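These notes are about the structure you will find just below.
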Amino acid sequence: MSETTRFTLHENDLPKQWYNILADSPVPPQPVLHPGTKEPVTPDFLSVLFPMEIIQQEVSRERFIDIPDPVREIYKLYRPTPLVRARRLEKLLDTPAHIYFKNESVSPVGSHKPNTAIPQAFYNKAAGTKAMTTETGAGQWGTSLAMACNFFGIDLEVYMVKVSYEQKPYRRIFMETYGAQVFASPTDRTEYGRSLLARDPGNNGSLGIAISEAVEVAAGSGGVKKYSLGSVLNHVLMHQSVIGEEALKQMDLAGEYPDVVIGCVGGGSNFAGIAYPFLRQNLLDGQRTRLVAVEPTATPSLTQGVYAFDYGDTARMAPIVKMHTLGHTFMPAGIHAGGLRYHGMAPSLSALYDAGYIEALAVPQVGTFEAALQFTHSEGILPAPESAHAIRAAIDEALDAKAKGEKRVILFNLSGHGHFDMQAYQQYLAGGLVDYAYPSAAVAEAMKDLPQVEGVPA
Ligand SMILES: Cc1ncc(COP(=O)(O)O)c(C=O)c1O
């Protein structure tokens, strides 16, 4: 066994193709429905929002899709990312488990989100798009797309959930330095935003609302502005597969293979990014790695949500997809993992979870920050609160292995750093954070607002 701590790949080892789980998924994908007619959407409808190349990727069943050279060139600014053996954390926990993490926090903006922002901006540029819109919760996604749009000379409007806009001014300024315009959502720039503010001027916003505003602006722009989503959709999850493809090679360098792969889940993209290439090995190569998606108890869309057709946004303008959902009317509690506060979950991930190919668990906020600090104290990296959910689960796996006297190989995705989350850490250090479990009665209530979908196989 080598004593190596960081397993690094050469630039030439950067994957040349993305992996598309839909080629191998044993559960057939469900149709995507028009929010108005509730009939399967046509490329015409989607082309208002997305360039054709992205739409083709969204519905593709090809196993591998080539990564364009200009995208690989930009990936080289931070990829391949390191795989790190968390030896000091292992020591702290006094566990026989081997803990590895894939460090996606080394990207210029501090998270995995550029893995899809860069190709999305590239395909828009190729299609002649001059301006784009998007939403952002915690700000990691908005910053990533701001960087990518800046590289490709595309204007960007970011609708940022108001509570994050106020809590994280430096994230906003970061986006502005790339040239993006950032608005606190709900805004008075959209019909939907104005209607919400008229009812409640103090509305703190949600990801579902910000998506509605970004979609409304793009859809009403007469084709001038395209919309971009940072998670949930098939093409986004596929772009993130570079994480897992690299990790497969790096685990090989380490001479080990993970018994369990762990990632936090908001819309599902960083988890799918690391887990789907390992799921392929399970499905096609006889491996038996457990794949564990970790969510907050405050937003438990997999563990408490219902697997049903629902709108992707609050104003019901985005397509209807079958997913694990807390209901599109969901208003999140003010927990600090802003990137994990979406009401739904990626359809491919929801289907695989429903069919038992993926495990899920929900962890509370305070224990998550405890795990974050153990990680900071031992490995030196201050994780994003989102990523700390994966750390919590990895530590619990390592402690379980210790209790059972097992040598378990654990791999988790460090999806980002927490350098812009100081307010959350400050509150944690001051003892001001509390646990919150989303009430099951609220889920049941929200289910009354699900779209009635007929004639589609359940
Ligand atoms: C650092 C980080 N990790 C995870 C997430 C959750 O998103 P996803 O499930 O799409 O990876 C976010 C979302 O903003 C994030 O910023």
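By order in the structure tokens, chains are A, B, ...; within a chain, residues start at 1; ligands start at 1, following the order shown.
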With a distance cut-off of 8 Å and only C-alpha atoms, select the neighbouring residues of Ala390 of chain A, excluding the residue or stretch itself and same-chain residues fewer than 2 positions from it, and output the selection as an mmCIF file with C-alpha atoms, in the first residue's frame.
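Dumped everything to result_24.cif:
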data_model
loop_
_atom_site.group_PDB
_atom_site.id
_atom_site.type_symbol
_atom_site.label_atom_id
_atom_site.label_comp_id
_atom_site.auth_asym_id
_atom_site.auth_seq_id
_atom_site.Cartn_x
_atom_site.Cartn_y
_atom_site.Cartn_z
ATOM 1 C CA ILE A 262 -20.852 9.461 -1.132
ATOM 2 C CA GLY A 263 -22.033 12.880 -2.320
ATOM 3 C CA CYS A 264 -24.358 15.598 -1.086
ATOM 4 C CA ALA A 293 -26.766 10.479 -1.646
ATOM 5 C CA VAL A 294 -26.851 12.791 1.389
ATOM 6 C CA GLU A 386 -23.319 21.588 1.163
ATOM 7 C CA SER A 387 -20.222 19.386 0.895
ATOM 8 C CA ALA A 388 -20.150 18.998 4.673
ATOM 9 C CA ARG A 392 -20.879 13.847 7.804
ATOM 10 C CA ALA A 393 -21.922 10.663 6.023
ATOM 11 C CA ALA A 394 -18.295 9.686 5.268
ATOM 12 C CA PHE A 412 -16.701 11.160 -1.099
ATOM 13 C CA ASN A 413 -16.984 14.210 -3.274
ATOM 14 C CA LEU A 414 -15.808 17.490 -1.789
#
Env. residues ligand 1 / 7 Å / only C-alpha atoms and all ligand atoms / as a VMD selection string:
chain A and resid 111 to 112 137 to 141 230 to 232 264 to 271 338 to 340 384 386 to 387 415 to 417
Could the residues in this selection be saved with N, CA and C atoms as a PDB file, in the first residue's frame?
ATOM      1  N   SER A 111     -15.971  25.342  -6.689  1.00  0.00           N
ATOM      2  CA  SER A 111     -16.889  24.197  -6.647  1.00  0.00           C
ATOM      3  C   SER A 111     -16.861  23.435  -7.963  1.00  0.00           C
ATOM      4  N   HIS A 112     -17.684  22.369  -8.005  1.00  0.00           N
ATOM      5  CA  HIS A 112     -17.814  21.518  -9.200  1.00  0.00           C
ATOM      6  C   HIS A 112     -18.630  22.182 -10.301  1.00  0.00           C
ATOM      7  N   GLY A 137     -28.666  29.819  -5.916  1.00  0.00           N
ATOM      8  CA  GLY A 137     -29.093  29.743  -4.517  1.00  0.00           C
ATOM      9  C   GLY A 137     -27.978  30.278  -3.658  1.00  0.00           C
ATOM     10  N   ALA A 138     -26.987  29.441  -3.438  1.00  0.00           N
ATOM     11  CA  ALA A 138     -25.868  29.833  -2.577  1.00  0.00           C
ATOM     12  C   ALA A 138     -24.889  30.756  -3.298  1.00  0.00           C
ATOM     13  N   GLY A 139     -24.928  30.764  -4.612  1.00  0.00           N
ATOM     14  CA  GLY A 139     -24.036  31.641  -5.370  1.00  0.00           C
ATOM     15  C   GLY A 139     -22.949  30.891  -6.117  1.00  0.00           C
ATOM     16  N   GLN A 140     -22.730  29.605  -5.783  1.00  0.00           N
ATOM     17  CA  GLN A 140     -21.680  28.838  -6.464  1.00  0.00           C
ATOM     18  C   GLN A 140     -22.007  28.682  -7.950  1.00  0.00           C
ATOM     19  N   TRP A 141     -23.265  28.390  -8.254  1.00  0.00           N
ATOM     20  CA  TRP A 141     -23.636  28.187  -9.645  1.00  0.00           C
ATOM     21  C   TRP A 141     -23.557  29.496 -10.426  1.00  0.00           C
ATOM     22  N   GLY A 230     -28.251  24.858 -13.453  1.00  0.00           N
ATOM     23  CA  GLY A 230     -26.984  24.329 -12.944  1.00  0.00           C
ATOM     24  C   GLY A 230     -27.046  22.944 -12.346  1.00  0.00           C
ATOM     25  N   SER A 231     -28.216  22.287 -12.421  1.00  0.00           N
ATOM     26  CA  SER A 231     -28.337  20.951 -11.833  1.00  0.00           C
ATOM     27  C   SER A 231     -29.529  20.239 -12.466  1.00  0.00           C
ATOM     28  N   VAL A 232     -29.944  19.131 -11.909  1.00  0.00           N
ATOM     29  CA  VAL A 232     -31.198  18.419 -12.190  1.00  0.00           C
ATOM     30  C   VAL A 232     -31.286  17.766 -13.581  1.00  0.00           C
ATOM     31  N   CYS A 264     -23.167  14.868  -1.537  1.00  0.00           N
ATOM     32  CA  CYS A 264     -24.358  15.598  -1.086  1.00  0.00           C
ATOM     33  C   CYS A 264     -25.271  15.810  -2.296  1.00  0.00           C
ATOM     34  N   VAL A 265     -26.561  16.008  -2.023  1.00  0.00           N
ATOM     35  CA  VAL A 265     -27.482  16.237  -3.139  1.00  0.00           C
ATOM     36  C   VAL A 265     -28.357  17.470  -2.916  1.00  0.00           C
ATOM     37  N   GLY A 266     -28.329  18.362  -3.908  1.00  0.00           N
ATOM     38  CA  GLY A 266     -29.269  19.479  -3.984  1.00  0.00           C
ATOM     39  C   GLY A 266     -30.217  19.119  -5.116  1.00  0.00           C
ATOM     40  N   GLY A 267     -29.745  19.334  -6.341  1.00  0.00           N
ATOM     41  CA  GLY A 267     -30.474  18.834  -7.515  1.00  0.00           C
ATOM     42  C   GLY A 267     -29.900  17.515  -7.999  1.00  0.00           C
ATOM     43  N   GLY A 268     -28.742  17.135  -7.474  1.00  0.00           N
ATOM     44  CA  GLY A 268     -28.179  15.820  -7.771  1.00  0.00           C
ATOM     45  C   GLY A 268     -26.937  15.819  -8.638  1.00  0.00           C
ATOM     46  N   SER A 269     -26.407  17.004  -9.045  1.00  0.00           N
ATOM     47  CA  SER A 269     -25.381  16.955 -10.092  1.00  0.00           C
ATOM     48  C   SER A 269     -23.999  16.516  -9.607  1.00  0.00           C
ATOM     49  N   ASN A 270     -23.554  16.985  -8.422  1.00  0.00           N
ATOM     50  CA  ASN A 270     -22.199  16.562  -8.024  1.00  0.00           C
ATOM     51  C   ASN A 270     -22.202  15.107  -7.590  1.00  0.00           C
ATOM     52  N   PHE A 271     -23.305  14.672  -6.977  1.00  0.00           N
ATOM     53  CA  PHE A 271     -23.408  13.258  -6.589  1.00  0.00           C
ATOM     54  C   PHE A 271     -23.393  12.369  -7.832  1.00  0.00           C
ATOM     55  N   GLY A 338     -27.321  26.529   1.358  1.00  0.00           N
ATOM     56  CA  GLY A 338     -28.223  27.149   0.392  1.00  0.00           C
ATOM     57  C   GLY A 338     -28.356  26.368  -0.899  1.00  0.00           C
ATOM     58  N   GLY A 339     -27.285  25.669  -1.287  1.00  0.00           N
ATOM     59  CA  GLY A 339     -27.306  24.919  -2.538  1.00  0.00           C
ATOM     60  C   GLY A 339     -28.095  23.620  -2.446  1.00  0.00           C
ATOM     61  N   LEU A 340     -28.576  23.285  -1.270  1.00  0.00           N
ATOM     62  CA  LEU A 340     -29.321  22.020  -1.127  1.00  0.00           C
ATOM     63  C   LEU A 340     -30.803  22.275  -0.876  1.00  0.00           C
ATOM     64  N   ALA A 384     -17.553  23.713   1.873  1.00  0.00           N
ATOM     65  CA  ALA A 384     -18.865  24.339   1.715  1.00  0.00           C
ATOM     66  C   ALA A 384     -19.855  23.601   2.619  1.00  0.00           C
ATOM     67  N   GLU A 386     -22.705  22.656   1.963  1.00  0.00           N
ATOM     68  CA  GLU A 386     -23.319  21.588   1.163  1.00  0.00           C
ATOM     69  C   GLU A 386     -22.441  20.331   1.230  1.00  0.00           C
ATOM     70  N   SER A 387     -21.153  20.526   0.926  1.00  0.00           N
ATOM     71  CA  SER A 387     -20.222  19.386   0.895  1.00  0.00           C
ATOM     72  C   SER A 387     -20.095  18.736   2.268  1.00  0.00           C
ATOM     73  N   SER A 415     -17.510  18.809  -2.909  1.00  0.00           N
ATOM     74  CA  SER A 415     -18.035  19.564  -4.056  1.00  0.00           C
ATOM     75  C   SER A 415     -17.605  21.027  -4.051  1.00  0.00           C
ATOM     76  N   GLY A 416     -17.193  21.561  -2.888  1.00  0.00           N
ATOM     77  CA  GLY A 416     -16.771  22.958  -2.902  1.00  0.00           C
ATOM     78  C   GLY A 416     -16.170  23.386  -1.572  1.00  0.00           C
ATOM     79  N   HIS A 417     -15.516  24.548  -1.585  1.00  0.00           N
ATOM     80  CA  HIS A 417     -15.030  25.107  -0.317  1.00  0.00           C
ATOM     81  C   HIS A 417     -16.033  26.115   0.228  1.00  0.00           C
TER      82      HIS A 417
END
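Nearest to Leu429 of chain A of all the residues A:Glu370, A:Asp449, A:Glu406, A:Asp66 is A:Glu370, based on only C-alpha atoms.
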For Ala131 of chain A, which residue out of A:Ala97, A:Leu46, A:Ala218, A:Val161 is the nearest one, using only C-alpha atoms?
A:Ala218
For each of A:Ala337, A:Val217, A:Leu349, A:Leu373, take the minimum atom-to-atom distance to Ala424 of chain A, counting only C-alpha atoms, then give the residue where this is smallest.
A:Ala337
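Distances here use only C-alpha atoms; by that measure, the residue among A:Ser206, A:Gln281, A:Asn124, A:Gln17 closest to Tyr227 of chain A is A:Asn124.
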Using only C-alpha atoms, the residue out of A:Leu326, A:Ala346, A:Ala398, A:Val409 with shortest distance to Ser440 of chain A is A:Leu326
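Nearest residue to Tyr78 of chain A among A:Thr95, A:Thr8, A:Gln374, A:Ser60 is A:Thr8, counting only C-alpha atoms.
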Skipping near chain neighbours, those fewer than 4 positions away, what residues fall within 12 Å of Gly356 of chain A using only C-alpha atoms, listed as a PyMOL selection string?
chain A and resi 25-27+279+290-292+302+349-352+360
Could you save those same residues with C-alpha atoms as a PDB file, in the first residue's frame?
ATOM      1  CA  SER A  25     -29.804   2.876 -16.627  1.00  0.00           C
ATOM      2  CA  PRO A  26     -32.035  -0.159 -15.970  1.00  0.00           C
ATOM      3  CA  VAL A  27     -34.960   2.205 -15.299  1.00  0.00           C
ATOM      4  CA  LEU A 279     -22.754   2.805 -11.051  1.00  0.00           C
ATOM      5  CA  ARG A 290     -22.750   1.364  -2.477  1.00  0.00           C
ATOM      6  CA  LEU A 291     -23.771   4.823  -3.732  1.00  0.00           C
ATOM      7  CA  VAL A 292     -25.055   7.130  -1.002  1.00  0.00           C
ATOM      8  CA  LEU A 302     -35.338  11.808  -1.536  1.00  0.00           C
ATOM      9  CA  LEU A 349     -31.363  10.003  -9.798  1.00  0.00           C
ATOM     10  CA  SER A 350     -34.945   9.850  -8.508  1.00  0.00           C
ATOM     11  CA  ALA A 351     -35.684   6.869 -10.757  1.00  0.00           C
ATOM     12  CA  LEU A 352     -32.492   5.041  -9.737  1.00  0.00           C
ATOM     13  CA  ALA A 360     -30.113   8.120   0.445  1.00  0.00           C
TER      14      ALA A 360
END
What's around Leu14 of chain A at 8 Å? Count only C-alpha atoms, leave out sequence neighbours fewer than 5 positions away in its own chain, and write the answer as a PDB file with all heavy atoms, in the first residue's frame.
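The resulting file, part.pdb, is reproduced below:
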ATOM      1  N   LEU A   9      -3.550  13.266 -11.633  1.00  0.00           N
ATOM      2  CA  LEU A   9      -3.464  12.833 -13.024  1.00  0.00           C
ATOM      3  C   LEU A   9      -2.823  13.945 -13.841  1.00  0.00           C
ATOM      4  O   LEU A   9      -2.883  15.124 -13.463  1.00  0.00           O
ATOM      5  CB  LEU A   9      -4.867  12.563 -13.574  1.00  0.00           C
ATOM      6  CG  LEU A   9      -5.669  11.423 -12.929  1.00  0.00           C
ATOM      7  CD1 LEU A   9      -7.100  11.424 -13.470  1.00  0.00           C
ATOM      8  CD2 LEU A   9      -4.998  10.080 -13.200  1.00  0.00           C
ATOM      9  N   ARG A  72     -12.336  21.351 -23.088  1.00  0.00           N
ATOM     10  CA  ARG A  72     -11.230  20.672 -22.397  1.00  0.00           C
ATOM     11  C   ARG A  72     -10.114  21.662 -22.081  1.00  0.00           C
ATOM     12  O   ARG A  72      -9.464  21.586 -21.033  1.00  0.00           O
ATOM     13  CB  ARG A  72     -10.681  19.519 -23.242  1.00  0.00           C
ATOM     14  CG  ARG A  72     -11.665  18.361 -23.333  1.00  0.00           C
ATOM     15  CD  ARG A  72     -11.083  17.181 -24.079  1.00  0.00           C
ATOM     16  NE  ARG A  72     -10.211  16.371 -23.276  1.00  0.00           N
ATOM     17  CZ  ARG A  72      -8.909  16.163 -23.508  1.00  0.00           C
ATOM     18  NH1 ARG A  72      -8.313  16.755 -24.526  1.00  0.00           N
ATOM     19  NH2 ARG A  72      -8.200  15.376 -22.735  1.00  0.00           N
ATOM     20  N   LYS A  76      -8.755  22.532 -18.268  1.00  0.00           N
ATOM     21  CA  LYS A  76      -7.355  22.367 -17.840  1.00  0.00           C
ATOM     22  C   LYS A  76      -6.916  23.434 -16.838  1.00  0.00           C
ATOM     23  O   LYS A  76      -5.872  23.287 -16.207  1.00  0.00           O
ATOM     24  CB  LYS A  76      -6.418  22.381 -19.058  1.00  0.00           C
ATOM     25  CG  LYS A  76      -6.450  21.099 -19.853  1.00  0.00           C
ATOM     26  CD  LYS A  76      -5.498  21.178 -21.034  1.00  0.00           C
ATOM     27  CE  LYS A  76      -5.675  19.955 -21.934  1.00  0.00           C
ATOM     28  NZ  LYS A  76      -4.964  20.148 -23.211  1.00  0.00           N
ATOM     29  N   ARG A  79      -8.585  21.096 -13.916  1.00  0.00           N
ATOM     30  CA  ARG A  79      -8.757  19.646 -14.007  1.00  0.00           C
ATOM     31  C   ARG A  79      -7.494  19.025 -14.593  1.00  0.00           C
ATOM     32  O   ARG A  79      -6.812  19.698 -15.365  1.00  0.00           O
ATOM     33  CB  ARG A  79      -9.941  19.255 -14.913  1.00  0.00           C
ATOM     34  CG  ARG A  79     -11.281  19.839 -14.568  1.00  0.00           C
ATOM     35  CD  ARG A  79     -12.409  18.898 -14.964  1.00  0.00           C
ATOM     36  NE  ARG A  79     -12.425  17.748 -14.076  1.00  0.00           N
ATOM     37  CZ  ARG A  79     -13.007  17.730 -12.870  1.00  0.00           C
ATOM     38  NH1 ARG A  79     -13.668  18.764 -12.456  1.00  0.00           N
ATOM     39  NH2 ARG A  79     -12.932  16.662 -12.110  1.00  0.00           N
ATOM     40  N   PRO A  80      -7.281  17.741 -14.357  1.00  0.00           N
ATOM     41  CA  PRO A  80      -7.939  16.870 -13.394  1.00  0.00           C
ATOM     42  C   PRO A  80      -7.763  17.382 -11.959  1.00  0.00           C
ATOM     43  O   PRO A  80      -6.682  17.856 -11.603  1.00  0.00           O
ATOM     44  CB  PRO A  80      -7.223  15.526 -13.575  1.00  0.00           C
ATOM     45  CG  PRO A  80      -6.587  15.592 -14.941  1.00  0.00           C
ATOM     46  CD  PRO A  80      -6.261  17.032 -15.149  1.00  0.00           C
ATOM     47  N   VAL A 242     -17.195  13.968 -15.466  1.00  0.00           N
ATOM     48  CA  VAL A 242     -15.720  14.051 -15.460  1.00  0.00           C
ATOM     49  C   VAL A 242     -15.173  13.764 -14.055  1.00  0.00           C
ATOM     50  O   VAL A 242     -14.064  13.252 -13.905  1.00  0.00           O
ATOM     51  CB  VAL A 242     -15.195  15.436 -15.946  1.00  0.00           C
ATOM     52  CG1 VAL A 242     -15.365  15.574 -17.451  1.00  0.00           C
ATOM     53  CG2 VAL A 242     -15.873  16.592 -15.228  1.00  0.00           C
ATOM     54  N   GLU A 246     -12.499  10.632 -13.676  1.00  0.00           N
ATOM     55  CA  GLU A 246     -11.153  10.843 -13.129  1.00  0.00           C
ATOM     56  C   GLU A 246     -10.952  10.011 -11.863  1.00  0.00           C
ATOM     57  O   GLU A 246      -9.894   9.404 -11.664  1.00  0.00           O
ATOM     58  CB  GLU A 246     -10.946  12.328 -12.791  1.00  0.00           C
ATOM     59  CG  GLU A 246     -10.797  13.223 -14.006  1.00  0.00           C
ATOM     60  CD  GLU A 246     -10.661  14.710 -13.632  1.00  0.00           C
ATOM     61  OE1 GLU A 246     -10.591  15.045 -12.427  1.00  0.00           O
ATOM     62  OE2 GLU A 246     -10.634  15.530 -14.558  1.00  0.00           O
TER      63      GLU A 246
END
Gly220 of chain A environment, 12 Å, only C-alpha atoms, sequence neighbours closer than 2 positions dropped, as a compact mmCIF listing (two decimals) with N, CA, C and O atoms, in the first residue's frame:
# COMPACT_ATOMS: atom_id res chain seq x y z
N VAL A 48 -36.79 27.43 -27.06
CA VAL A 48 -36.94 28.81 -26.58
C VAL A 48 -35.90 29.07 -25.49
O VAL A 48 -35.35 30.16 -25.36
N LEU A 49 -35.62 28.02 -24.70
CA LEU A 49 -34.74 28.19 -23.54
C LEU A 49 -33.30 27.74 -23.78
O LEU A 49 -32.37 28.30 -23.19
N THR A 133 -29.65 33.85 -18.96
CA THR A 133 -30.20 34.10 -17.62
C THR A 133 -30.05 32.81 -16.81
O THR A 133 -30.03 31.72 -17.37
N ARG A 189 -38.45 42.80 -11.73
CA ARG A 189 -38.14 42.74 -13.17
C ARG A 189 -39.04 41.77 -13.93
O ARG A 189 -39.02 41.74 -15.15
N THR A 190 -39.75 40.92 -13.19
CA THR A 190 -40.61 39.93 -13.86
C THR A 190 -42.03 40.05 -13.33
O THR A 190 -42.26 40.50 -12.20
N GLU A 191 -42.95 39.57 -14.17
CA GLU A 191 -44.36 39.58 -13.76
C GLU A 191 -44.54 38.73 -12.50
O GLU A 191 -45.22 39.11 -11.55
N SER A 212 -38.11 30.47 -11.77
CA SER A 212 -39.25 31.02 -12.50
C SER A 212 -38.89 32.36 -13.12
O SER A 212 -39.24 32.65 -14.27
N GLU A 213 -38.20 33.20 -12.36
CA GLU A 213 -37.87 34.53 -12.89
C GLU A 213 -36.88 34.42 -14.07
O GLU A 213 -37.06 35.07 -15.10
N ALA A 214 -35.85 33.59 -13.90
CA ALA A 214 -34.85 33.46 -14.97
C ALA A 214 -35.49 32.87 -16.23
O ALA A 214 -35.18 33.29 -17.35
N VAL A 215 -36.42 31.92 -16.05
CA VAL A 215 -37.11 31.31 -17.19
C VAL A 215 -38.02 32.35 -17.85
O VAL A 215 -38.06 32.48 -19.08
N GLU A 216 -38.75 33.12 -17.03
CA GLU A 216 -39.67 34.13 -17.59
C GLU A 216 -38.90 35.14 -18.45
O GLU A 216 -39.34 35.49 -19.56
N VAL A 217 -37.75 35.58 -17.96
CA VAL A 217 -36.98 36.58 -18.70
C VAL A 217 -36.49 35.99 -20.03
O VAL A 217 -36.61 36.62 -21.09
N ALA A 218 -35.99 34.75 -19.99
CA ALA A 218 -35.50 34.14 -21.24
C ALA A 218 -36.66 33.88 -22.20
O ALA A 218 -36.59 34.22 -23.39
N GLY A 222 -37.91 36.96 -26.79
CA GLY A 222 -37.97 36.82 -28.25
C GLY A 222 -36.75 36.12 -28.82
O GLY A 222 -36.31 36.42 -29.93
N GLY A 223 -36.19 35.20 -28.06
CA GLY A 223 -35.07 34.39 -28.56
C GLY A 223 -33.71 35.02 -28.30
O GLY A 223 -32.68 34.43 -28.63
N VAL A 224 -33.69 36.23 -27.72
CA VAL A 224 -32.40 36.91 -27.51
C VAL A 224 -31.62 36.27 -26.35
O VAL A 224 -30.41 36.09 -26.41
N LYS A 225 -32.36 35.92 -25.29
CA LYS A 225 -31.68 35.38 -24.09
C LYS A 225 -32.02 33.91 -23.93
O LYS A 225 -33.19 33.52 -24.06
N LYS A 226 -31.01 33.12 -23.64
CA LYS A 226 -31.23 31.70 -23.34
C LYS A 226 -31.06 31.48 -21.85
O LYS A 226 -30.40 32.27 -21.14
N TYR A 227 -31.67 30.39 -21.40
CA TYR A 227 -31.67 30.08 -19.97
C TYR A 227 -30.71 28.93 -19.70
O TYR A 227 -30.49 28.07 -20.56
N MET A 317 -43.75 27.37 -14.79
CA MET A 317 -43.38 27.71 -16.17
C MET A 317 -42.39 26.70 -16.73
O MET A 317 -42.26 26.55 -17.93
